[in-house]
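So this one's upload_6.tsv, TSV, C-alpha atoms:
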chain	number	residue	atom	x	y	z
A	1	ALA	CA	4.96	-106.45	-40.90
A	2	THR	CA	8.45	-107.93	-41.06
A	3	LEU	CA	7.78	-110.13	-38.04
A	4	SER	CA	4.52	-111.36	-39.56
A	5	ILE	CA	6.22	-112.33	-42.81
A	6	ALA	CA	9.00	-114.08	-40.88
A	7	LEU	CA	6.54	-116.07	-38.79
A	8	ARG	CA	4.84	-117.28	-41.99
A	9	THR	CA	8.08	-119.07	-42.97
A	10	PHE	CA	7.92	-121.45	-39.99
A	11	ALA	CA	6.63	-125.00	-40.45
A	12	SER	CA	4.51	-124.82	-37.28
A	13	PRO	CA	0.82	-124.08	-38.06
A	14	ILE	CA	0.47	-122.25	-34.73
A	15	VAL	CA	3.35	-119.91	-35.54
A	16	GLN	CA	1.91	-119.33	-39.02
A	17	LYS	CA	-1.45	-118.37	-37.49
A	18	ILE	CA	0.32	-115.85	-35.26
A	19	GLY	CA	1.91	-114.47	-38.42
A	20	ILE	CA	-1.48	-113.97	-40.03
A	21	PHE	CA	-2.77	-112.29	-36.88
A	22	GLY	CA	0.22	-109.98	-37.24
A	23	VAL	CA	-0.87	-109.13	-40.80
A	24	LEU	CA	-4.29	-108.08	-39.50
A	25	VAL	CA	-2.70	-105.98	-36.74
A	26	THR	CA	-0.28	-104.39	-39.22
A	27	SER	CA	-3.16	-103.46	-41.54
A	28	PHE	CA	-5.05	-101.96	-38.60
A	29	LEU	CA	-2.01	-99.91	-37.55
A	30	ILE	CA	-1.41	-98.62	-41.07
A	31	GLY	CA	-4.97	-97.34	-41.37
A	32	TRP	CA	-4.99	-95.88	-37.87
A	33	LYS	CA	-1.55	-94.22	-37.91
A	34	LEU	CA	-1.92	-92.72	-41.39
A	35	THR	CA	-5.32	-91.16	-40.72
A	36	GLY	CA	-5.54	-90.94	-36.94
A	37	GLN	CA	-8.99	-92.50	-37.20
A	38	LEU	CA	-9.64	-95.70	-35.27
A	39	TRP	CA	-12.48	-96.73	-37.57
A	40	VAL	CA	-10.17	-96.54	-40.62
A	41	GLY	CA	-7.76	-98.92	-38.87
A	42	ILE	CA	-10.58	-101.34	-38.14
A	43	LEU	CA	-11.72	-101.10	-41.76
A	44	CYS	CA	-8.20	-101.82	-43.05
A	45	GLY	CA	-7.77	-104.79	-40.73
A	46	GLY	CA	-11.19	-106.20	-41.54
A	47	SER	CA	-10.74	-105.75	-45.29
A	48	TRP	CA	-8.75	-108.99	-45.44
A	49	LEU	CA	-11.83	-110.86	-44.24
A	50	MET	CA	-14.16	-109.11	-46.70
A	51	LEU	CA	-11.85	-109.36	-49.72
A	52	PRO	CA	-13.28	-112.73	-50.93
A	53	TRP	CA	-16.63	-111.05	-51.57
A	54	LEU	CA	-15.11	-109.36	-54.62
A	55	GLU	CA	-14.57	-112.78	-56.21
A	56	ILE	CA	-17.83	-114.16	-54.85
A	57	LEU	CA	-20.00	-111.34	-56.18
A	58	THR	CA	-18.26	-110.74	-59.51
A	59	ARG	CA	-17.48	-114.27	-60.74
A	60	ILE	CA	-18.76	-117.08	-58.53
A	61	ARG	CA	-22.30	-115.65	-58.27
A	62	ARG	CA	-22.71	-115.95	-62.06
A	63	ALA	CA	-20.90	-119.28	-62.47
A	64	THR	CA	-22.92	-122.40	-63.24
A	65	LEU	CA	-22.26	-126.13	-62.92
A	66	PRO	CA	-23.81	-129.07	-64.75
A	67	LEU	CA	-26.42	-131.04	-62.84
A	68	GLU	CA	-24.71	-134.23	-64.03
A	69	LYS	CA	-20.93	-134.38	-64.12
A	70	ASN	CA	-20.54	-137.01	-66.81
A	71	LEU	CA	-17.12	-138.60	-66.57
A	72	ARG	CA	-15.54	-139.87	-69.75
A	73	HIS	CA	-12.17	-141.24	-70.76
A	74	ARG	CA	-9.55	-138.50	-70.98
A	75	SER	CA	-5.97	-138.36	-72.07
A	76	PRO	CA	-3.60	-137.18	-69.31
A	77	PRO	CA	-2.60	-133.51	-69.20
A	78	ASN	CA	0.68	-132.79	-70.94
A	79	SER	CA	3.89	-132.92	-68.91
A	80	GLU	CA	4.26	-129.14	-68.93
A	81	ARG	CA	0.85	-128.67	-67.34
A	82	PHE	CA	1.10	-131.58	-64.87
A	83	PRO	CA	4.75	-132.64	-64.60
A	84	MET	CA	4.22	-134.67	-61.40
A	85	LEU	CA	1.77	-137.19	-62.88
A	86	ASP	CA	4.24	-139.95	-63.77
A	87	GLU	CA	6.10	-139.64	-60.47
A	88	LEU	CA	2.87	-139.75	-58.46
A	89	THR	CA	1.61	-142.74	-60.47
A	90	GLU	CA	4.82	-144.61	-59.71
A	91	GLU	CA	4.41	-143.90	-55.98
A	92	VAL	CA	0.86	-145.25	-56.04
A	93	GLU	CA	1.71	-148.35	-58.06
A	94	ASP	CA	4.71	-149.13	-55.82
A	95	GLU	CA	2.20	-149.65	-52.98
A	96	GLY	CA	0.34	-152.34	-54.91
A	97	TYR	CA	-2.34	-150.21	-56.59
A	98	GLU	CA	-3.29	-151.05	-60.15
A	99	HIS	CA	-3.90	-148.26	-62.65
A	100	ILE	CA	-7.51	-148.69	-63.79
A	101	GLU	CA	-8.62	-145.68	-65.83
A	102	ASP	CA	-7.98	-142.07	-66.78
A	103	CYS	CA	-11.13	-139.99	-66.89
A	104	GLY	CA	-12.47	-136.52	-66.26
A	105	TRP	CA	-15.00	-133.88	-67.18
A	106	ASP	CA	-14.97	-130.41	-68.72
A	107	TRP	CA	-17.28	-127.49	-68.13
A	108	GLU	CA	-16.65	-124.08	-69.68
A	109	ASP	CA	-13.21	-123.04	-68.32
A	110	HIS	CA	-13.12	-125.81	-65.71
A	111	GLN	CA	-11.34	-129.12	-66.38
A	112	GLN	CA	-10.88	-132.00	-63.99
A	113	PHE	CA	-8.73	-135.10	-64.53
A	114	PHE	CA	-8.72	-138.32	-62.48
A	115	ARG	CA	-6.21	-141.15	-62.64
A	116	LEU	CA	-7.96	-144.02	-60.88
A	117	CYS	CA	-6.19	-146.94	-59.21
A	118	TYR	CA	-7.41	-149.84	-57.06
A	119	LYS	CA	-5.96	-152.29	-54.52
A	120	PRO	CA	-8.24	-155.34	-54.16
A	121	ASP	CA	-6.77	-156.80	-50.95
A	122	GLU	CA	-7.44	-153.53	-49.06
A	123	ARG	CA	-10.62	-152.73	-51.03
A	124	THR	CA	-9.44	-149.15	-51.42
A	125	GLN	CA	-9.33	-146.91	-54.46
A	126	ALA	CA	-6.71	-144.23	-55.02
A	127	ALA	CA	-7.03	-141.21	-57.26
A	128	ILE	CA	-4.61	-138.62	-58.57
A	129	CYS	CA	-6.75	-135.56	-59.26
A	130	PHE	CA	-5.78	-132.52	-61.33
A	131	ILE	CA	-7.97	-129.41	-61.50
A	132	ASP	CA	-7.36	-126.78	-64.16
A	133	GLN	CA	-9.50	-123.64	-64.00
A	134	GLU	CA	-8.66	-120.43	-65.81
A	135	GLN	CA	-5.20	-119.45	-64.57
A	136	VAL	CA	-5.27	-121.73	-61.52
A	137	ALA	CA	-4.17	-125.39	-61.58
A	138	PHE	CA	-3.46	-127.75	-58.71
A	139	TYR	CA	-3.52	-131.45	-57.89
A	140	TYR	CA	-4.37	-133.57	-54.87
A	141	LEU	CA	-4.36	-137.25	-53.90
A	142	SER	CA	-7.20	-139.22	-52.38
A	143	LEU	CA	-7.85	-142.67	-50.94
A	144	SER	CA	-11.41	-143.93	-50.57
A	145	SER	CA	-12.94	-147.03	-49.01
A	146	ARG	CA	-16.63	-147.85	-49.33
A	147	GLY	CA	-18.77	-149.65	-46.79
A	148	HIS	CA	-21.51	-152.13	-47.58
A	149	ASP	CA	-24.03	-149.59	-46.23
A	150	GLY	CA	-23.00	-146.86	-48.68
A	151	ARG	CA	-20.72	-144.90	-46.35
A	152	ILE	CA	-17.45	-143.63	-47.81
A	153	TRP	CA	-14.25	-142.94	-45.88
A	154	THR	CA	-11.87	-140.67	-47.75
A	155	THR	CA	-8.41	-139.43	-46.90
A	156	TRP	CA	-7.10	-136.64	-49.09
A	157	ASN	CA	-4.75	-133.69	-49.19
A	158	TYR	CA	-7.14	-131.36	-51.01
A	159	PRO	CA	-5.42	-127.99	-50.47
A	160	PHE	CA	-8.52	-125.84	-49.86
A	161	SER	CA	-11.72	-125.95	-47.85
A	162	TYR	CA	-14.27	-127.86	-49.91
A	163	SER	CA	-16.64	-125.60	-51.84
A	164	LEU	CA	-19.71	-127.77	-51.23
A	165	LYS	CA	-21.24	-129.33	-48.14
A	166	LEU	CA	-20.24	-132.95	-47.77
A	167	ALA	CA	-23.00	-135.54	-48.00
A	168	PRO	CA	-23.72	-137.21	-44.62
A	169	GLU	CA	-22.45	-140.61	-45.79
A	170	TRP	CA	-19.08	-139.16	-46.79
A	171	GLN	CA	-16.50	-138.93	-43.99
A	172	VAL	CA	-13.29	-137.09	-44.84
A	173	ASN	CA	-9.87	-137.24	-43.21
A	174	ARG	CA	-8.06	-134.17	-44.50
A	175	LEU	CA	-4.29	-133.80	-44.47
A	176	ARG	CA	-2.02	-130.93	-45.45
A	177	GLY	CA	-1.38	-130.38	-49.14
A	178	ASP	CA	2.30	-131.27	-48.84
A	179	GLN	CA	1.66	-134.83	-47.61
A	180	THR	CA	3.05	-137.66	-49.75
A	181	PHE	CA	1.09	-140.68	-50.90
A	182	LEU	CA	2.82	-142.88	-48.30
A	183	GLU	CA	1.76	-140.47	-45.56
A	184	LEU	CA	-1.79	-140.44	-46.90
A	185	LEU	CA	-1.86	-144.24	-46.99
A	186	ALA	CA	-0.67	-144.55	-43.39
A	187	SER	CA	-3.18	-141.94	-42.25
A	188	HIS	CA	-6.02	-143.63	-44.17
A	189	ARG	CA	-5.34	-146.99	-42.53
A	190	ASP	CA	-5.30	-145.29	-39.13
A	191	PHE	CA	-8.50	-143.41	-40.06
A	192	LEU	CA	-10.31	-146.66	-40.82
A	193	GLN	CA	-9.01	-148.26	-37.64
A	194	ARG	CA	-10.19	-145.33	-35.52
A	195	ARG	CA	-13.63	-145.61	-37.11
A	196	GLY	CA	-13.74	-149.34	-36.36
A	197	VAL	CA	-13.81	-150.24	-40.07
A	198	THR	CA	-12.30	-153.60	-41.03
A	199	THR	CA	-11.48	-154.88	-44.50
A	200	ALA	CA	-14.39	-157.31	-44.20
A	201	GLY	CA	-16.69	-154.33	-43.62
A	202	LEU	CA	-15.67	-152.74	-46.91
A	203	ALA	CA	-17.36	-153.41	-50.22
A	204	GLU	CA	-15.37	-155.13	-52.94
A	205	LEU	CA	-15.33	-153.05	-56.10
A	206	ASP	CA	-15.26	-154.18	-59.67
A	207	PRO	CA	-12.51	-152.05	-61.24
A	208	ALA	CA	-14.72	-151.58	-64.28
A	209	THR	CA	-17.36	-149.80	-62.16
A	210	ILE	CA	-15.10	-147.40	-60.21
A	211	GLN	CA	-15.62	-144.58	-62.71
A	212	ALA	CA	-19.39	-145.01	-62.44
A	213	GLU	CA	-19.16	-144.99	-58.63
A	214	ILE	CA	-17.27	-141.70	-58.65
A	215	GLN	CA	-19.84	-140.19	-61.01
A	216	LYS	CA	-22.57	-141.35	-58.63
A	217	ASP	CA	-20.70	-139.72	-55.73
A	218	LEU	CA	-20.51	-136.41	-57.62
A	219	ARG	CA	-24.24	-136.57	-58.33
A	220	ALA	CA	-24.97	-137.28	-54.65
A	221	GLN	CA	-22.97	-134.19	-53.67
A	222	ILE	CA	-24.96	-131.98	-56.03
A	223	THR	CA	-28.26	-133.47	-54.79
A	224	HIS	CA	-27.29	-132.92	-51.14
A	225	ASN	CA	-26.33	-129.30	-51.74
A	226	LEU	CA	-29.54	-128.63	-53.64
A	227	ALA	CA	-31.47	-130.08	-50.70
A	228	THR	CA	-29.59	-127.96	-48.15
A	229	GLY	CA	-30.01	-124.76	-50.19
A	230	VAL	CA	-26.33	-124.21	-50.97
A	231	LEU	CA	-27.10	-124.69	-54.67
A	232	LYS	CA	-30.16	-123.85	-56.71
A	233	GLN	CA	-31.24	-125.12	-60.10
A	234	THR	CA	-31.58	-122.72	-63.01
A	235	SER	CA	-34.30	-122.74	-65.66
A	236	GLU	CA	-31.74	-124.20	-68.10
A	237	GLY	CA	-31.25	-127.25	-65.88
A	238	GLU	CA	-27.86	-126.18	-64.55
A	239	VAL	CA	-27.00	-125.34	-60.93
A	240	ARG	CA	-25.41	-122.31	-59.33
A	241	TYR	CA	-24.77	-121.04	-55.82
A	242	SER	CA	-27.69	-119.52	-53.94
A	243	TRP	CA	-27.17	-116.54	-51.64
A	244	ARG	CA	-26.98	-119.05	-48.82
A	245	GLY	CA	-24.33	-120.89	-50.80
A	246	LEU	CA	-22.31	-117.70	-51.33
A	247	LEU	CA	-22.38	-117.08	-47.58
A	248	PHE	CA	-21.26	-120.70	-47.08
A	249	LEU	CA	-18.29	-120.07	-49.39
A	250	TRP	CA	-17.30	-116.99	-47.40
A	251	VAL	CA	-17.46	-118.95	-44.13
A	252	GLN	CA	-15.30	-121.65	-45.74
A	253	PHE	CA	-12.77	-118.95	-46.59
A	254	LEU	CA	-12.74	-117.74	-42.99
A	255	ARG	CA	-12.18	-121.32	-41.80
A	256	GLU	CA	-9.33	-121.69	-44.23
A	257	PHE	CA	-7.94	-118.33	-43.16
A	258	VAL	CA	-7.83	-119.51	-39.55
A	259	ARG	CA	-6.65	-123.04	-40.37
A	260	LEU	CA	-3.81	-122.15	-42.73
A	261	GLY	CA	-3.18	-118.61	-41.71

Can the structure in the file be given as structure tokens, please?
Amino acid sequence: ATLSIALRTFASPIVQKIGIFGVLVTSFLIGWKLTGQLWVGILCGGSWLMLPWLEILTRIRRATLPLEKNLRHRSPPNSERFPMLDELTEEVEDEGYEHIEDCGWDWEDHQQFFRLCYKPDERTQAAICFIDQEQVAFYYLSLSSRGHDGRIWTTWNYPFSYSLKLAPEWQVNRLRGDQTFLELLASHRDFLQRRGVTTAGLAELDPATIQAEIQKDLRAQITHNLATGVLKQTSEGEVRYSWRGLLFLWVQFLREFVRLG
């Protein structure tokens, strides 16, 4: 147990994964040594993998989402709730991005805030995103470039596995949550280069329409997940996870468990 905790303090993802494997082994040994029963050890070790079902079955299964996520102008969160906003905005603007709009949407106990910025010469939009849900709040940064054919290339440091299936036209380059905006920007440029995307191949955006484009992207995500069976529509016109969607969430947790340790 001590070794596993120590391994989790290393910066290397491989060493961290070994640490998590150690947690599973420790749990197995505790169950086995205390009871003398091998099956109890297996149950204790495997309980870490089944633990998310408590959240999935008690809260997520009943949660609903709006079919249309209507973005509207929003005032920024207060400095106590999101103290990094001004510093992050300065980092983005120092790279030539212009602050376009602050917007977001609310649904029950879920609030999402976007600070949108745009750089015309690279035809790329940047967003500082803040999600506030119940007792959990976090932020992430994203850079998106849109092709003339409707494809979207996004680089972000979203800290968790995405809770919906990505639409086919949306290609994501995901970085660790501790990456700075400069690191995201360098990675995004490399991402576009590796995909053979030139500036001429990107669509020019009218800053006034960026909010509408993001709302259209959110709607496309909901539509795609309804079509794939991850979401289902309720009689009230809202959407919630289907049983297939709940299984998808659990698999996403397992992927995150392996990826992050």

Which is closer to A:His110 than all the others in A:Val136, A:Leu51, A:Leu182, A:Ile210, using all atoms listed in the file?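 That would be A:Val136, the residue with the smallest distance to A:His110.
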
Atom CA of A:Thr180 to atom CA of A:Ser12 measures 18.0 Å

Expected answer as a ChimeraX atom specification: all residues with atoms within 12 Å of (-28.1, -132.2, -55.5), all atoms listed in the file: /A:65-69,164-167,216-233,237-241

In the coordinates of the file, take the point (-11.0, -123.4, -61.4) and a cut-off of 10 Å; then, counting all atoms listed in the file, name each qualifying protein, DNA or RNA residue as a ChimeraX atom specification. /A:109-112,131-138

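Checking A:Ala208, A:Ala1, A:Ala127, A:Leu54 one by one against A:Leu88, counting all atoms listed in the file, you find the shortest gap at A:Ala127.
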
Do a neighbour search on A:Ala6 at 10 Å with all atoms listed in the file, toss out local chain neighbours closer than 4 positions, and write the hits as number ranges by chain. A: 1-2, 10, 15-16, 19

With distances taken over only C-alpha atoms, the candidate from A:Phe130, A:Phe28, A:Phe248, A:Phe82 nearest A:Trp105 is A:Phe130

Atom CA of A:Gln171 and atom CA of A:Asp121 are how many Å apart?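 According to the coordinates, atom CA of A:Gln171 and atom CA of A:Asp121 are separated by 21.5 Å.
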
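Straight-line separation from atom CA of A:Cys103 to atom CA of A:Arg115: 6.6 Å.
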
Around stretch 8-12 of chain A, fit a box with edges along x, y and z, padding it by 5 Å on each side, then list its centre and edge lengths in Å to one decimal as JSON.
{"center_x": 6.3, "center_y": -121.1, "center_z": -40.1, "size_x": 13.6, "size_y": 17.7, "size_z": 15.7}

Please provide as a PyMOL selection string all residues within 12 Å of A:Ile100, with the sequence filter that same-chain residues fewer than 5 positions apart are discarded (counting all atoms listed in the file). chain A and resi 73+89+92-93+114-120+125-128+205-211

Residues as selected, C-alpha atoms, written as a PDB file, in the frame of the given file, can you do that?
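What landed in result-v3.pdb:
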ATOM      1  CA  HIS A  73     -12.170-141.240 -70.760  1.00  0.00           C
ATOM      2  CA  THR A  89       1.610-142.740 -60.470  1.00  0.00           C
ATOM      3  CA  VAL A  92       0.860-145.250 -56.040  1.00  0.00           C
ATOM      4  CA  GLU A  93       1.710-148.350 -58.060  1.00  0.00           C
ATOM      5  CA  PHE A 114      -8.720-138.320 -62.480  1.00  0.00           C
ATOM      6  CA  ARG A 115      -6.210-141.150 -62.640  1.00  0.00           C
ATOM      7  CA  LEU A 116      -7.960-144.020 -60.880  1.00  0.00           C
ATOM      8  CA  CYS A 117      -6.190-146.940 -59.210  1.00  0.00           C
ATOM      9  CA  TYR A 118      -7.410-149.840 -57.060  1.00  0.00           C
ATOM     10  CA  LYS A 119      -5.960-152.290 -54.520  1.00  0.00           C
ATOM     11  CA  PRO A 120      -8.240-155.340 -54.160  1.00  0.00           C
ATOM     12  CA  GLN A 125      -9.330-146.910 -54.460  1.00  0.00           C
ATOM     13  CA  ALA A 126      -6.710-144.230 -55.020  1.00  0.00           C
ATOM     14  CA  ALA A 127      -7.030-141.210 -57.260  1.00  0.00           C
ATOM     15  CA  ILE A 128      -4.610-138.620 -58.570  1.00  0.00           C
ATOM     16  CA  LEU A 205     -15.330-153.050 -56.100  1.00  0.00           C
ATOM     17  CA  ASP A 206     -15.260-154.180 -59.670  1.00  0.00           C
ATOM     18  CA  PRO A 207     -12.510-152.050 -61.240  1.00  0.00           C
ATOM     19  CA  ALA A 208     -14.720-151.580 -64.280  1.00  0.00           C
ATOM     20  CA  THR A 209     -17.360-149.800 -62.160  1.00  0.00           C
ATOM     21  CA  ILE A 210     -15.100-147.400 -60.210  1.00  0.00           C
ATOM     22  CA  GLN A 211     -15.620-144.580 -62.710  1.00  0.00           C
TER      23      GLN A 211
END

Using all atoms listed in the file, which of A:His188, A:Arg74, A:Arg59, A:Arg195 sits nearest A:Trp156?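 For A:Trp156, the nearest of the given residues is A:His188.
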
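Considering the residues A:Ile56, A:Ala63, A:Ile5, A:Val23 and counting all atoms listed in the file, A:Thr234 has its shortest atom-to-atom contact with A:Ala63.
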
Nearest candidate to A:Trp48 (options A:Phe253, A:Phe181, A:Tyr97, A:Trp107; using all atoms listed in the file):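 Among the listed residues, the smallest separation from A:Trp48 belongs to A:Phe253.
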
How about completing stretch 179-190 of chain A with all heavy atoms and giving it to me as an mmCIF file, keeping the file's coordinate frame?
data_model
loop_
_atom_site.group_PDB
_atom_site.id
_atom_site.type_symbol
_atom_site.label_atom_id
_atom_site.label_comp_id
_atom_site.auth_asym_id
_atom_site.auth_seq_id
_atom_site.Cartn_x
_atom_site.Cartn_y
_atom_site.Cartn_z
ATOM 1 N N GLN A 179 1.505 -133.433 -48.020
ATOM 2 C CA GLN A 179 1.660 -134.830 -47.610
ATOM 3 C C GLN A 179 1.876 -135.732 -48.821
ATOM 4 O O GLN A 179 1.232 -135.575 -49.865
ATOM 5 C CB GLN A 179 0.435 -135.293 -46.834
ATOM 6 C CG GLN A 179 0.175 -134.517 -45.556
ATOM 7 C CD GLN A 179 1.216 -134.773 -44.491
ATOM 8 O OE1 GLN A 179 1.226 -135.813 -43.853
ATOM 9 N NE2 GLN A 179 2.107 -133.816 -44.310
ATOM 10 N N THR A 180 2.775 -136.712 -48.674
ATOM 11 C CA THR A 180 3.050 -137.660 -49.750
ATOM 12 C C THR A 180 2.008 -138.769 -49.762
ATOM 13 O O THR A 180 1.210 -138.900 -48.827
ATOM 14 C CB THR A 180 4.438 -138.279 -49.572
ATOM 15 O OG1 THR A 180 4.426 -139.088 -48.367
ATOM 16 C CG2 THR A 180 5.510 -137.211 -49.448
ATOM 17 N N PHE A 181 2.052 -139.583 -50.819
ATOM 18 C CA PHE A 181 1.090 -140.680 -50.900
ATOM 19 C C PHE A 181 1.305 -141.677 -49.764
ATOM 20 O O PHE A 181 0.329 -142.202 -49.203
ATOM 21 C CB PHE A 181 1.204 -141.399 -52.247
ATOM 22 C CG PHE A 181 0.214 -142.528 -52.386
ATOM 23 C CD1 PHE A 181 -1.120 -142.262 -52.616
ATOM 24 C CD2 PHE A 181 0.625 -143.850 -52.260
ATOM 25 C CE1 PHE A 181 -2.051 -143.302 -52.717
ATOM 26 C CE2 PHE A 181 -0.290 -144.884 -52.368
ATOM 27 C CZ PHE A 181 -1.635 -144.608 -52.600
ATOM 28 N N LEU A 182 2.544 -141.956 -49.408
ATOM 29 C CA LEU A 182 2.820 -142.880 -48.300
ATOM 30 C C LEU A 182 2.233 -142.355 -46.997
ATOM 31 O O LEU A 182 1.676 -143.120 -46.199
ATOM 32 C CB LEU A 182 4.322 -143.088 -48.164
ATOM 33 C CG LEU A 182 4.992 -144.006 -49.191
ATOM 34 C CD1 LEU A 182 6.499 -144.040 -48.968
ATOM 35 C CD2 LEU A 182 4.418 -145.417 -49.112
ATOM 36 N N GLU A 183 2.336 -141.062 -46.770
ATOM 37 C CA GLU A 183 1.760 -140.470 -45.560
ATOM 38 C C GLU A 183 0.239 -140.523 -45.596
ATOM 39 O O GLU A 183 -0.408 -140.770 -44.571
ATOM 40 C CB GLU A 183 2.252 -139.027 -45.414
ATOM 41 C CG GLU A 183 3.734 -138.926 -45.063
ATOM 42 C CD GLU A 183 4.267 -137.511 -45.136
ATOM 43 O OE1 GLU A 183 3.904 -136.790 -46.086
ATOM 44 O OE2 GLU A 183 5.063 -137.129 -44.260
ATOM 45 N N LEU A 184 -0.341 -140.310 -46.776
ATOM 46 C CA LEU A 184 -1.790 -140.440 -46.900
ATOM 47 C C LEU A 184 -2.235 -141.868 -46.629
ATOM 48 O O LEU A 184 -3.249 -142.101 -45.943
ATOM 49 C CB LEU A 184 -2.236 -140.019 -48.309
ATOM 50 C CG LEU A 184 -2.859 -138.627 -48.436
ATOM 51 C CD1 LEU A 184 -1.788 -137.556 -48.287
ATOM 52 C CD2 LEU A 184 -3.575 -138.476 -49.773
ATOM 53 N N LEU A 185 -1.494 -142.829 -47.159
ATOM 54 C CA LEU A 185 -1.860 -144.240 -46.990
ATOM 55 C C LEU A 185 -1.815 -144.636 -45.528
ATOM 56 O O LEU A 185 -2.746 -145.299 -45.025
ATOM 57 C CB LEU A 185 -0.921 -145.106 -47.830
ATOM 58 C CG LEU A 185 -1.208 -146.611 -47.849
ATOM 59 C CD1 LEU A 185 -2.616 -146.886 -48.341
ATOM 60 C CD2 LEU A 185 -0.177 -147.332 -48.728
ATOM 61 N N ALA A 186 -0.765 -144.232 -44.814
ATOM 62 C CA ALA A 186 -0.670 -144.550 -43.390
ATOM 63 C C ALA A 186 -1.804 -143.892 -42.603
ATOM 64 O O ALA A 186 -2.405 -144.506 -41.713
ATOM 65 C CB ALA A 186 0.687 -144.103 -42.846
ATOM 66 N N SER A 187 -2.108 -142.654 -42.947
ATOM 67 C CA SER A 187 -3.180 -141.940 -42.250
ATOM 68 C C SER A 187 -4.546 -142.561 -42.556
ATOM 69 O O SER A 187 -5.408 -142.633 -41.683
ATOM 70 C CB SER A 187 -3.173 -140.464 -42.660
ATOM 71 O OG SER A 187 -4.182 -139.757 -41.977
ATOM 72 N N HIS A 188 -4.735 -143.027 -43.801
ATOM 73 C CA HIS A 188 -6.020 -143.630 -44.170
ATOM 74 C C HIS A 188 -6.244 -144.936 -43.407
ATOM 75 O O HIS A 188 -7.362 -145.195 -42.922
ATOM 76 C CB HIS A 188 -6.068 -143.879 -45.671
ATOM 77 C CG HIS A 188 -7.398 -144.358 -46.158
ATOM 78 N ND1 HIS A 188 -8.537 -143.583 -46.118
ATOM 79 C CD2 HIS A 188 -7.784 -145.558 -46.697
ATOM 80 C CE1 HIS A 188 -9.561 -144.265 -46.610
ATOM 81 N NE2 HIS A 188 -9.132 -145.454 -46.952
ATOM 82 N N ARG A 189 -5.214 -145.741 -43.291
ATOM 83 C CA ARG A 189 -5.340 -146.990 -42.530
ATOM 84 C C ARG A 189 -5.667 -146.704 -41.081
ATOM 85 O O ARG A 189 -6.509 -147.374 -40.466
ATOM 86 C CB ARG A 189 -4.047 -147.794 -42.657
ATOM 87 C CG ARG A 189 -3.821 -148.405 -44.049
ATOM 88 C CD ARG A 189 -2.408 -148.911 -44.217
ATOM 89 N NE ARG A 189 -2.216 -149.581 -45.506
ATOM 90 C CZ ARG A 189 -1.032 -149.846 -46.040
ATOM 91 N NH1 ARG A 189 0.083 -149.475 -45.399
ATOM 92 N NH2 ARG A 189 -0.946 -150.456 -47.217
ATOM 93 N N ASP A 190 -5.013 -145.691 -40.516
ATOM 94 C CA ASP A 190 -5.300 -145.290 -39.130
ATOM 95 C C ASP A 190 -6.718 -144.729 -39.023
ATOM 96 O O ASP A 190 -7.419 -144.981 -38.033
ATOM 97 C CB ASP A 190 -4.283 -144.250 -38.691
ATOM 98 C CG ASP A 190 -4.511 -143.782 -37.259
ATOM 99 O OD1 ASP A 190 -4.360 -144.601 -36.339
ATOM 100 O OD2 ASP A 190 -4.844 -142.591 -37.058
#
